[in-house]
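Asker: my_file-v2.cif is reproduced in full below (mmCIF, C-alpha atoms).
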data_entry
#
loop_
_atom_site.group_PDB
_atom_site.id
_atom_site.type_symbol
_atom_site.label_atom_id
_atom_site.label_comp_id
_atom_site.auth_asym_id
_atom_site.auth_seq_id
_atom_site.Cartn_x
_atom_site.Cartn_y
_atom_site.Cartn_z
ATOM 1 C CA MET S 1 39.096 73.584 -154.262
ATOM 2 C CA GLU S 2 36.682 73.223 -151.350
ATOM 3 C CA SER S 3 38.503 75.932 -149.441
ATOM 4 C CA ILE S 4 38.251 78.312 -152.406
ATOM 5 C CA VAL S 5 34.525 77.642 -152.760
ATOM 6 C CA GLY S 6 34.114 78.094 -149.051
ATOM 7 C CA SER S 7 35.911 81.422 -149.163
ATOM 8 C CA ILE S 8 33.704 82.634 -152.007
ATOM 9 C CA VAL S 9 30.575 81.506 -150.165
ATOM 10 C CA ASP S 10 31.758 83.228 -146.980
ATOM 11 C CA LYS S 11 32.293 86.509 -148.794
ATOM 12 C CA ALA S 12 28.927 86.248 -150.530
ATOM 13 C CA LEU S 13 27.290 85.441 -147.193
ATOM 14 C CA GLU S 14 28.907 88.489 -145.592
ATOM 15 C CA THR S 15 27.452 90.645 -148.380
ATOM 16 C CA VAL S 16 23.990 89.151 -147.864
ATOM 17 C CA LEU S 17 24.182 89.646 -144.109
ATOM 18 C CA LYS S 18 25.232 93.264 -144.702
ATOM 19 C CA LYS S 19 22.161 93.755 -146.900
ATOM 20 C CA ILE S 20 19.995 92.282 -144.143
ATOM 21 C CA GLU S 21 21.513 94.666 -141.613
ATOM 22 C CA ASP S 22 20.963 97.591 -143.987
ATOM 23 C CA GLY S 23 17.373 96.504 -144.590
ATOM 24 C CA LYS S 24 17.874 96.032 -148.290
ATOM 25 C CA LYS S 25 15.783 93.660 -150.348
ATOM 26 C CA LEU S 26 17.415 90.325 -151.056
ATOM 27 C CA SER S 27 17.569 88.885 -154.523
ATOM 28 C CA ILE S 28 17.101 85.253 -155.413
ATOM 29 C CA GLU S 29 20.851 84.880 -155.591
ATOM 30 C CA ASP S 30 21.136 86.386 -152.133
ATOM 31 C CA LEU S 31 18.563 83.897 -150.794
ATOM 32 C CA VAL S 32 20.465 81.059 -152.437
ATOM 33 C CA VAL S 33 23.690 82.299 -150.843
ATOM 34 C CA LEU S 34 21.898 82.592 -147.472
ATOM 35 C CA MET S 35 20.560 79.024 -147.781
ATOM 36 C CA ILE S 36 23.999 77.767 -148.814
ATOM 37 C CA GLY S 37 25.476 79.537 -145.793
ATOM 38 C CA MET S 38 22.850 78.023 -143.535
ATOM 39 C CA PHE S 39 23.519 74.587 -145.013
ATOM 40 C CA ARG S 40 27.251 75.086 -144.530
ATOM 41 C CA GLU S 41 26.716 76.203 -140.928
ATOM 42 C CA THR S 42 24.417 73.292 -140.331
ATOM 43 C CA ASN S 43 26.920 70.905 -141.888
ATOM 44 C CA ARG S 44 29.706 72.479 -139.851
ATOM 45 C CA ARG S 45 27.750 72.037 -136.660
ATOM 46 C CA ILE S 46 26.883 68.503 -137.663
ATOM 47 C CA ASP S 47 30.558 67.864 -138.390
ATOM 48 C CA GLU S 48 31.534 69.357 -135.050
ATOM 49 C CA THR S 49 28.845 67.316 -133.346
ATOM 50 C CA ASN S 50 30.053 64.203 -135.133
ATOM 51 C CA LYS S 51 33.614 65.015 -134.154
ATOM 52 C CA ARG S 52 32.525 65.489 -130.548
ATOM 53 C CA LEU S 53 30.533 62.288 -130.715
ATOM 54 C CA ASP S 54 33.521 60.525 -132.243
ATOM 55 C CA ALA S 55 35.771 61.972 -129.547
ATOM 56 C CA MET S 56 33.279 60.957 -126.869
ATOM 57 C CA ALA S 57 32.955 57.534 -128.466
ATOM 58 C CA ASP S 58 36.735 57.209 -128.582
ATOM 59 C CA ALA S 59 37.029 58.321 -124.961
ATOM 60 C CA LEU S 60 34.185 56.001 -123.994
ATOM 61 C CA ASN S 61 35.768 53.147 -125.910
ATOM 62 C CA LYS S 62 39.097 53.876 -124.204
ATOM 63 C CA ARG S 63 37.362 53.898 -120.816
ATOM 64 C CA ILE S 64 35.506 50.724 -121.724
ATOM 65 C CA ASP S 65 38.777 49.151 -122.850
ATOM 66 C CA SER S 66 40.424 50.304 -119.629
ATOM 67 C CA LEU S 67 37.484 48.985 -117.621
ATOM 68 C CA ASP S 68 37.618 45.742 -119.579
ATOM 69 C CA VAL S 69 41.287 45.427 -118.722
ATOM 70 C CA LYS S 70 40.599 46.240 -115.085
ATOM 71 C CA ILE S 71 37.568 43.946 -114.982
ATOM 72 C CA ASP S 72 39.571 41.172 -116.635
ATOM 73 C CA ALA S 73 42.334 41.745 -114.095
ATOM 74 C CA LYS S 74 39.787 41.708 -111.261
ATOM 75 C CA ILE S 75 38.115 38.593 -112.656
ATOM 76 C CA ASN S 76 41.483 36.905 -113.082
ATOM 77 C CA ASP S 77 42.412 37.935 -109.544
ATOM 78 C CA VAL S 78 39.075 36.591 -108.282
ATOM 79 C CA TYR S 79 39.630 33.344 -110.200
ATOM 80 C CA ARG S 80 43.161 33.148 -108.788
ATOM 81 C CA ARG S 81 41.917 33.763 -105.271
ATOM 82 C CA ILE S 82 39.112 31.239 -105.779
ATOM 83 C CA ASP S 83 41.679 28.704 -106.986
ATOM 84 C CA GLU S 84 43.874 29.466 -103.976
ATOM 85 C CA THR S 85 40.843 29.183 -101.685
ATOM 86 C CA ASN S 86 39.864 25.875 -103.279
ATOM 87 C CA LYS S 87 43.437 24.632 -102.843
ATOM 88 C CA ARG S 88 43.399 25.696 -99.200
ATOM 89 C CA ILE S 89 39.991 24.051 -98.753
ATOM 90 C CA ASP S 90 41.343 20.865 -100.336
ATOM 91 C CA GLU S 91 44.383 21.008 -98.050
ATOM 92 C CA ILE S 92 42.152 21.624 -95.020
ATOM 93 C CA LEU S 93 39.856 18.761 -96.031
ATOM 94 C CA LYS S 94 42.908 16.543 -96.469
ATOM 95 C CA LEU S 95 44.251 17.592 -93.075
ATOM 96 C CA MET S 96 40.814 17.020 -91.537
ATOM 97 C CA GLY S 97 40.659 13.599 -93.167
ATOM 98 C CA ASN S 98 44.114 12.720 -91.826
ATOM 99 C CA MET S 99 43.178 14.112 -88.427
ATOM 100 C CA GLU S 100 39.932 12.127 -88.419
ATOM 101 C CA GLU S 101 41.858 8.998 -89.370
ATOM 102 C CA ARG S 102 44.381 9.585 -86.572
ATOM 103 C CA ILE S 103 41.567 10.312 -84.116
ATOM 104 C CA ASN S 104 39.759 7.126 -85.166
ATOM 105 C CA LYS S 105 42.967 5.121 -84.695
ATOM 106 C CA ARG S 106 43.542 6.678 -81.294
ATOM 107 C CA MET S 107 39.909 6.046 -80.362
ATOM 108 C CA ASP S 108 40.238 2.419 -81.471
ATOM 109 C CA LEU S 109 43.431 2.089 -79.424
ATOM 110 C CA LEU S 110 41.758 3.799 -76.478
ATOM 111 C CA ASN S 111 38.737 1.500 -76.728
ATOM 112 C CA THR S 112 41.087 -1.489 -76.884
ATOM 113 C CA ASN S 113 42.912 -0.255 -73.782
ATOM 114 C CA ILE S 114 39.587 0.394 -72.047
ATOM 115 C CA ASP S 115 38.438 -3.136 -72.894
ATOM 116 C CA ALA S 116 41.721 -4.547 -71.565
ATOM 117 C CA ILE S 117 41.483 -2.457 -68.388
ATOM 118 C CA ASP S 118 37.835 -3.437 -67.956
ATOM 119 C CA LYS S 119 38.717 -7.098 -68.428
ATOM 120 C CA SER S 120 41.607 -6.795 -65.958
ATOM 121 C CA LEU S 121 39.407 -4.977 -63.442
ATOM 122 C CA ASN S 122 36.683 -7.590 -63.790
ATOM 123 C CA ALA S 123 39.269 -10.323 -63.240
ATOM 124 C CA LYS S 124 40.646 -8.516 -60.189
ATOM 125 C CA ILE S 125 37.127 -7.899 -58.870
ATOM 126 C CA ASP S 126 36.269 -11.574 -59.356
ATOM 127 C CA SER S 127 39.497 -12.558 -57.607
ATOM 128 C CA VAL S 128 38.816 -10.135 -54.759
ATOM 129 C CA ASP S 129 35.238 -11.405 -54.517
ATOM 130 C CA LYS S 130 36.437 -14.984 -54.356
ATOM 131 C CA SER S 131 39.128 -14.145 -51.802
ATOM 132 C CA LEU S 132 36.699 -12.041 -49.789
ATOM 133 C CA ASN S 133 34.041 -14.728 -49.911
ATOM 134 C CA ALA S 134 36.634 -17.297 -48.832
ATOM 135 C CA LYS S 135 37.737 -15.047 -45.971
ATOM 136 C CA ILE S 136 34.102 -14.430 -45.029
ATOM 137 C CA ASP S 137 33.497 -18.172 -45.070
ATOM 138 C CA ASP S 138 36.634 -18.747 -42.947
ATOM 139 C CA VAL S 139 35.583 -16.022 -40.536
ATOM 140 C CA GLY S 140 32.066 -17.430 -40.469
ATOM 141 C CA ARG S 141 33.356 -20.900 -39.709
ATOM 142 C CA ALA S 142 35.741 -19.544 -37.071
ATOM 143 C CA LEU S 143 32.928 -17.514 -35.542
ATOM 144 C CA SER S 144 30.666 -20.550 -35.627
ATOM 145 C CA VAL S 145 33.324 -22.584 -33.827
ATOM 146 C CA ARG S 146 33.836 -19.834 -31.267
ATOM 147 C CA ILE S 147 30.081 -19.381 -30.883
ATOM 148 C CA ASP S 148 29.687 -23.120 -30.418
ATOM 149 C CA ALA S 149 32.508 -23.064 -27.861
ATOM 150 C CA ILE S 150 30.964 -20.087 -26.084
ATOM 151 C CA SER S 151 27.570 -21.780 -26.201
ATOM 152 C CA GLY S 152 29.175 -24.902 -24.716
ATOM 153 C CA ARG S 153 30.803 -22.818 -21.995
ATOM 154 C CA ILE S 154 27.503 -21.037 -21.348
ATOM 155 C CA ASP S 155 25.760 -24.400 -21.126
ATOM 156 C CA ASP S 156 28.489 -25.651 -18.758
ATOM 157 C CA ILE S 157 28.196 -22.484 -16.668
ATOM 158 C CA SER S 158 24.418 -22.843 -16.628
ATOM 159 C CA ARG S 159 24.796 -26.454 -15.556
ATOM 160 C CA ARG S 160 27.306 -25.516 -12.869
ATOM 161 C CA ILE S 161 25.028 -22.683 -11.717
ATOM 162 C CA GLY S 162 22.200 -25.218 -11.537
ATOM 163 C CA ASP S 163 24.391 -27.586 -9.514
ATOM 164 C CA THR S 164 25.453 -24.733 -7.247
ATOM 165 C CA ASN S 165 21.850 -23.692 -6.747
ATOM 166 C CA ARG S 166 20.957 -27.250 -5.831
ATOM 167 C CA ARG S 167 23.861 -27.406 -3.361
ATOM 168 C CA ILE S 168 22.793 -24.054 -1.918
ATOM 169 C CA ASP S 169 19.294 -25.419 -1.519
ATOM 170 C CA GLU S 170 20.706 -28.495 0.210
ATOM 171 C CA VAL S 171 22.871 -26.320 2.473
ATOM 172 C CA LEU S 172 19.870 -24.148 3.269
ATOM 173 C CA LYS S 173 17.904 -27.253 4.117
ATOM 174 C CA LEU S 174 20.717 -28.483 6.344
ATOM 175 C CA ILE S 175 20.967 -25.081 8.010
ATOM 176 C CA GLY S 176 17.210 -25.058 8.475
ATOM 177 C CA GLY S 177 17.264 -28.521 10.086
ATOM 178 C CA MET S 178 20.240 -27.555 12.232
ATOM 179 C CA GLU S 179 18.517 -24.357 13.333
ATOM 180 C CA GLU S 180 15.415 -26.286 14.201
ATOM 181 C CA ARG S 181 17.404 -28.804 16.276
ATOM 182 C CA ILE S 182 19.336 -26.010 17.974
ATOM 183 C CA ASN S 183 16.113 -24.203 18.792
ATOM 184 C CA LYS S 184 14.669 -27.392 20.247
ATOM 185 C CA ARG S 185 17.750 -27.941 22.364
ATOM 186 C CA ILE S 186 17.674 -24.307 23.475
ATOM 187 C CA ASP S 187 14.023 -24.668 24.404
ATOM 188 C CA GLU S 188 14.791 -27.868 26.267
ATOM 189 C CA THR S 189 17.720 -26.248 28.054
ATOM 190 C CA ASN S 190 15.531 -23.289 29.008
ATOM 191 C CA ARG S 191 12.931 -25.640 30.438
ATOM 192 C CA ARG S 192 15.569 -27.467 32.442
ATOM 193 C CA ILE S 193 16.937 -24.154 33.706
ATOM 194 C CA ASP S 194 13.456 -23.071 34.686
ATOM 195 C CA ALA S 195 12.882 -26.382 36.460
ATOM 196 C CA LEU S 196 16.228 -26.091 38.247
ATOM 197 C CA VAL S 197 15.491 -22.540 39.344
ATOM 198 C CA GLU S 198 12.116 -23.593 40.570
ATOM 199 C CA ALA S 199 13.618 -26.549 42.508
ATOM 200 C CA VAL S 200 16.249 -24.297 44.099
ATOM 201 C CA ALA S 201 13.583 -21.866 45.119
ATOM 202 C CA LYS S 202 11.494 -24.564 46.753
ATOM 203 C CA SER S 203 14.445 -26.006 48.651
ATOM 204 C CA SER S 204 15.340 -22.647 50.116
ATOM 205 C CA HIS S 205 11.892 -22.304 51.730
#
If you convert what's in this file into structure tokens, what do you get?
Answerer:
Amino acid sequence: MESIVGSIVDKALETVLKKIEDGKKLSIEDLVVLMIGMFRETNRRIDETNKRLDAMADALNKRIDSLDVKIDAKINDVYRRIDETNKRIDEILKLMGNMEERINKRMDLLNTNIDAIDKSLNAKIDSVDKSLNAKIDDVGRALSVRIDAISGRIDDISRRIGDTNRRIDEVLKLIGGMEERINKRIDETNRRIDALVEAVAKSSH
């Protein structure tokens, strides 16, 4: 029915447009037909616009749906990666905790060994100090004995040197007395010789 009415209106509109082209005067019916044609054209354009809008809306909705799917996939992938990252972080934290525990145990063991070594070294140092001090004391006593012996020998040598000096002085005194006596005897002998020579000389005259 609508198509039949549309066909009639189209034919009537063609007649009116022909009158306009020919410059003929339009009747009221012609004006009504022209208005109906304008309304139909306007409605057609509106329908086309609505169809285009609907098509655009459908396309936009499809794109939005596609984007929603992609965004959901991306979000799910991000969540999955975040979960994986959190799991890896938890594993790393667990490994770090285990490593820290092992390091602390090794440090405790190392400190224990250091304490034992330090204690052993201190004991050895004390033993060496005692032994060294004992040896120093022994050496000191031995040196004191030797020094005392050397001092005794030096005192004995000094005493013997003093005795020798006294004997030398006595010998020098004896030599001095002997020289004096010899000189006296020589002088006396010389006087006797002189007297004898003088007597011989007198007897020869």
Asker: Mind giving me the straight-line distance from CA of Asp65 (chain S) to CA of Ile46 (chain S) in Å, one decimal?
Answerer: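 The value is 27.1 Å.
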Asker: One decimal, in Å: what's the spacing between CA of Val32 (chain S) and CA of Lys18 (chain S)?
Answerer: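 It comes out at 15.2 Å.
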Asker: Could you work out how far CA of Glu180 (chain S) lies from CA of Arg160 (chain S), giving the answer in Å with one decimal?
Answerer: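 We find that CA of Arg160 (chain S) and CA of Glu180 (chain S) lie 29.6 Å from each other.
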Asker: Taking all atoms of region 89-107 of chain S that the file lists, what box with edges along x, y and z, padded by 5 Å per side, do you get, with centre and edge lengths in Å to one decimal, as JSON?
Answerer:
{"center_x": 42.1, "center_y": 14.6, "center_z": -90.3, "size_x": 14.6, "size_y": 28.9, "size_z": 30.0}
Asker: What would region 115-156 of chain S look like if you wrote it out as a PDB file, in the first residue's frame, with N, CA and C atoms included, from the block I just posted?
Answerer:
ATOM      1  N   ASP S 115      86.496 -17.396  67.056  1.00  0.00           N
ATOM      2  CA  ASP S 115      86.668 -17.369  68.514  1.00  0.00           C
ATOM      3  C   ASP S 115      87.602 -18.495  68.967  1.00  0.00           C
ATOM      4  N   ALA S 116      87.405 -19.692  68.369  1.00  0.00           N
ATOM      5  CA  ALA S 116      88.268 -20.823  68.741  1.00  0.00           C
ATOM      6  C   ALA S 116      89.716 -20.555  68.349  1.00  0.00           C
ATOM      7  N   ILE S 117      89.904 -20.031  67.125  1.00  0.00           N
ATOM      8  CA  ILE S 117      91.266 -19.712  66.667  1.00  0.00           C
ATOM      9  C   ILE S 117      91.881 -18.630  67.547  1.00  0.00           C
ATOM     10  N   ASP S 118      91.078 -17.616  67.881  1.00  0.00           N
ATOM     11  CA  ASP S 118      91.576 -16.531  68.726  1.00  0.00           C
ATOM     12  C   ASP S 118      91.965 -17.061  70.103  1.00  0.00           C
ATOM     13  N   LYS S 119      91.111 -17.945  70.636  1.00  0.00           N
ATOM     14  CA  LYS S 119      91.423 -18.544  71.939  1.00  0.00           C
ATOM     15  C   LYS S 119      92.694 -19.374  71.862  1.00  0.00           C
ATOM     16  N   SER S 120      92.811 -20.180  70.779  1.00  0.00           N
ATOM     17  CA  SER S 120      94.012 -21.006  70.606  1.00  0.00           C
ATOM     18  C   SER S 120      95.254 -20.136  70.445  1.00  0.00           C
ATOM     19  N   LEU S 121      95.125 -19.071  69.634  1.00  0.00           N
ATOM     20  CA  LEU S 121      96.267 -18.170  69.445  1.00  0.00           C
ATOM     21  C   LEU S 121      96.664 -17.502  70.753  1.00  0.00           C
ATOM     22  N   ASN S 122      95.656 -17.058  71.515  1.00  0.00           N
ATOM     23  CA  ASN S 122      95.971 -16.431  72.800  1.00  0.00           C
ATOM     24  C   ASN S 122      96.683 -17.415  73.723  1.00  0.00           C
ATOM     25  N   ALA S 123      96.199 -18.683  73.704  1.00  0.00           N
ATOM     26  CA  ALA S 123      96.857 -19.694  74.542  1.00  0.00           C
ATOM     27  C   ALA S 123      98.296 -19.918  74.083  1.00  0.00           C
ATOM     28  N   LYS S 124      98.475 -20.019  72.748  1.00  0.00           N
ATOM     29  CA  LYS S 124      99.834 -20.210  72.231  1.00  0.00           C
ATOM     30  C   LYS S 124     100.710 -19.003  72.546  1.00  0.00           C
ATOM     31  N   ILE S 125     100.144 -17.800  72.385  1.00  0.00           N
ATOM     32  CA  ILE S 125     100.917 -16.588  72.689  1.00  0.00           C
ATOM     33  C   ILE S 125     101.307 -16.561  74.161  1.00  0.00           C
ATOM     34  N   ASP S 126     100.345 -16.916  75.035  1.00  0.00           N
ATOM     35  CA  ASP S 126     100.660 -16.958  76.467  1.00  0.00           C
ATOM     36  C   ASP S 126     101.752 -17.987  76.748  1.00  0.00           C
ATOM     37  N   SER S 127     101.625 -19.156  76.083  1.00  0.00           N
ATOM     38  CA  SER S 127     102.644 -20.195  76.284  1.00  0.00           C
ATOM     39  C   SER S 127     104.003 -19.721  75.789  1.00  0.00           C
ATOM     40  N   VAL S 128     104.001 -19.100  74.594  1.00  0.00           N
ATOM     41  CA  VAL S 128     105.265 -18.585  74.053  1.00  0.00           C
ATOM     42  C   VAL S 128     105.833 -17.503  74.957  1.00  0.00           C
ATOM     43  N   ASP S 129     104.940 -16.625  75.462  1.00  0.00           N
ATOM     44  CA  ASP S 129     105.412 -15.575  76.374  1.00  0.00           C
ATOM     45  C   ASP S 129     106.045 -16.181  77.621  1.00  0.00           C
ATOM     46  N   LYS S 130     105.343 -17.185  78.178  1.00  0.00           N
ATOM     47  CA  LYS S 130     105.900 -17.816  79.376  1.00  0.00           C
ATOM     48  C   LYS S 130     107.233 -18.477  79.073  1.00  0.00           C
ATOM     49  N   SER S 131     107.274 -19.239  77.962  1.00  0.00           N
ATOM     50  CA  SER S 131     108.523 -19.916  77.594  1.00  0.00           C
ATOM     51  C   SER S 131     109.622 -18.905  77.313  1.00  0.00           C
ATOM     52  N   LEU S 132     109.251 -17.831  76.579  1.00  0.00           N
ATOM     53  CA  LEU S 132     110.244 -16.811  76.261  1.00  0.00           C
ATOM     54  C   LEU S 132     110.729 -16.106  77.515  1.00  0.00           C
ATOM     55  N   ASN S 133     109.779 -15.785  78.400  1.00  0.00           N
ATOM     56  CA  ASN S 133     110.182 -15.140  79.653  1.00  0.00           C
ATOM     57  C   ASN S 133     111.083 -16.058  80.472  1.00  0.00           C
ATOM     58  N   ALA S 134     110.737 -17.372  80.476  1.00  0.00           N
ATOM     59  CA  ALA S 134     111.582 -18.320  81.209  1.00  0.00           C
ATOM     60  C   ALA S 134     112.977 -18.379  80.596  1.00  0.00           C
ATOM     61  N   LYS S 135     113.015 -18.433  79.238  1.00  0.00           N
ATOM     62  CA  LYS S 135     114.323 -18.453  78.576  1.00  0.00           C
ATOM     63  C   LYS S 135     115.085 -17.163  78.849  1.00  0.00           C
ATOM     64  N   ILE S 136     114.359 -16.030  78.800  1.00  0.00           N
ATOM     65  CA  ILE S 136     115.024 -14.749  79.090  1.00  0.00           C
ATOM     66  C   ILE S 136     115.572 -14.745  80.510  1.00  0.00           C
ATOM     67  N   ASP S 137     114.754 -15.282  81.443  1.00  0.00           N
ATOM     68  CA  ASP S 137     115.229 -15.346  82.828  1.00  0.00           C
ATOM     69  C   ASP S 137     116.454 -16.254  82.933  1.00  0.00           C
ATOM     70  N   ASP S 138     116.396 -17.429  82.245  1.00  0.00           N
ATOM     71  CA  ASP S 138     117.550 -18.341  82.267  1.00  0.00           C
ATOM     72  C   ASP S 138     118.783 -17.668  81.671  1.00  0.00           C
ATOM     73  N   VAL S 139     118.563 -17.015  80.520  1.00  0.00           N
ATOM     74  CA  VAL S 139     119.694 -16.319  79.889  1.00  0.00           C
ATOM     75  C   VAL S 139     120.210 -15.213  80.792  1.00  0.00           C
ATOM     76  N   GLY S 140     119.262 -14.496  81.428  1.00  0.00           N
ATOM     77  CA  GLY S 140     119.680 -13.423  82.331  1.00  0.00           C
ATOM     78  C   GLY S 140     120.495 -13.958  83.498  1.00  0.00           C
ATOM     79  N   ARG S 141     120.005 -15.084  84.058  1.00  0.00           N
ATOM     80  CA  ARG S 141     120.761 -15.672  85.169  1.00  0.00           C
ATOM     81  C   ARG S 141     122.121 -16.164  84.693  1.00  0.00           C
ATOM     82  N   ALA S 142     122.131 -16.827  83.509  1.00  0.00           N
ATOM     83  CA  ALA S 142     123.414 -17.315  82.990  1.00  0.00           C
ATOM     84  C   ALA S 142     124.357 -16.150  82.719  1.00  0.00           C
ATOM     85  N   LEU S 143     123.802 -15.081  82.131  1.00  0.00           N
ATOM     86  CA  LEU S 143     124.638 -13.905  81.875  1.00  0.00           C
ATOM     87  C   LEU S 143     125.130 -13.290  83.179  1.00  0.00           C
ATOM     88  N   SER S 144     124.238 -13.272  84.175  1.00  0.00           N
ATOM     89  CA  SER S 144     124.659 -12.716  85.470  1.00  0.00           C
ATOM     90  C   SER S 144     125.802 -13.530  86.060  1.00  0.00           C
ATOM     91  N   VAL S 145     125.663 -14.881  85.950  1.00  0.00           N
ATOM     92  CA  VAL S 145     126.741 -15.737  86.460  1.00  0.00           C
ATOM     93  C   VAL S 145     128.029 -15.474  85.703  1.00  0.00           C
ATOM     94  N   ARG S 146     127.914 -15.409  84.352  1.00  0.00           N
ATOM     95  CA  ARG S 146     129.115 -15.176  83.556  1.00  0.00           C
ATOM     96  C   ARG S 146     129.694 -13.794  83.837  1.00  0.00           C
ATOM     97  N   ILE S 147     128.784 -12.805  83.986  1.00  0.00           N
ATOM     98  CA  ILE S 147     129.266 -11.450  84.293  1.00  0.00           C
ATOM     99  C   ILE S 147     129.963 -11.434  85.649  1.00  0.00           C
ATOM    100  N   ASP S 148     129.338 -12.147  86.617  1.00  0.00           N
ATOM    101  CA  ASP S 148     129.985 -12.209  87.934  1.00  0.00           C
ATOM    102  C   ASP S 148     131.352 -12.889  87.827  1.00  0.00           C
ATOM    103  N   ALA S 149     131.398 -13.985  87.020  1.00  0.00           N
ATOM    104  CA  ALA S 149     132.676 -14.677  86.852  1.00  0.00           C
ATOM    105  C   ALA S 149     133.694 -13.770  86.176  1.00  0.00           C
ATOM    106  N   ILE S 150     133.226 -13.075  85.120  1.00  0.00           N
ATOM    107  CA  ILE S 150     134.144 -12.155  84.426  1.00  0.00           C
ATOM    108  C   ILE S 150     134.582 -11.039  85.359  1.00  0.00           C
ATOM    109  N   SER S 151     133.607 -10.533  86.154  1.00  0.00           N
ATOM    110  CA  SER S 151     133.975  -9.477  87.109  1.00  0.00           C
ATOM    111  C   SER S 151     134.999  -9.990  88.107  1.00  0.00           C
ATOM    112  N   GLY S 152     134.789 -11.284  88.559  1.00  0.00           N
ATOM    113  CA  GLY S 152     135.769 -11.863  89.479  1.00  0.00           C
ATOM    114  C   GLY S 152     137.132 -11.982  88.825  1.00  0.00           C
ATOM    115  N   ARG S 153     137.134 -12.432  87.544  1.00  0.00           N
ATOM    116  CA  ARG S 153     138.410 -12.555  86.845  1.00  0.00           C
ATOM    117  C   ARG S 153     139.052 -11.189  86.662  1.00  0.00           C
ATOM    118  N   ILE S 154     138.196 -10.186  86.323  1.00  0.00           N
ATOM    119  CA  ILE S 154     138.749  -8.827  86.167  1.00  0.00           C
ATOM    120  C   ILE S 154     139.333  -8.339  87.482  1.00  0.00           C
ATOM    121  N   ASP S 155     138.600  -8.621  88.588  1.00  0.00           N
ATOM    122  CA  ASP S 155     139.126  -8.209  89.892  1.00  0.00           C
ATOM    123  C   ASP S 155     140.437  -8.933  90.184  1.00  0.00           C
ATOM    124  N   ASP S 156     140.496 -10.249  89.857  1.00  0.00           N
ATOM    125  CA  ASP S 156     141.720 -11.011  90.086  1.00  0.00           C
ATOM    126  C   ASP S 156     142.862 -10.464  89.238  1.00  0.00           C
TER     127      ASP S 156
END
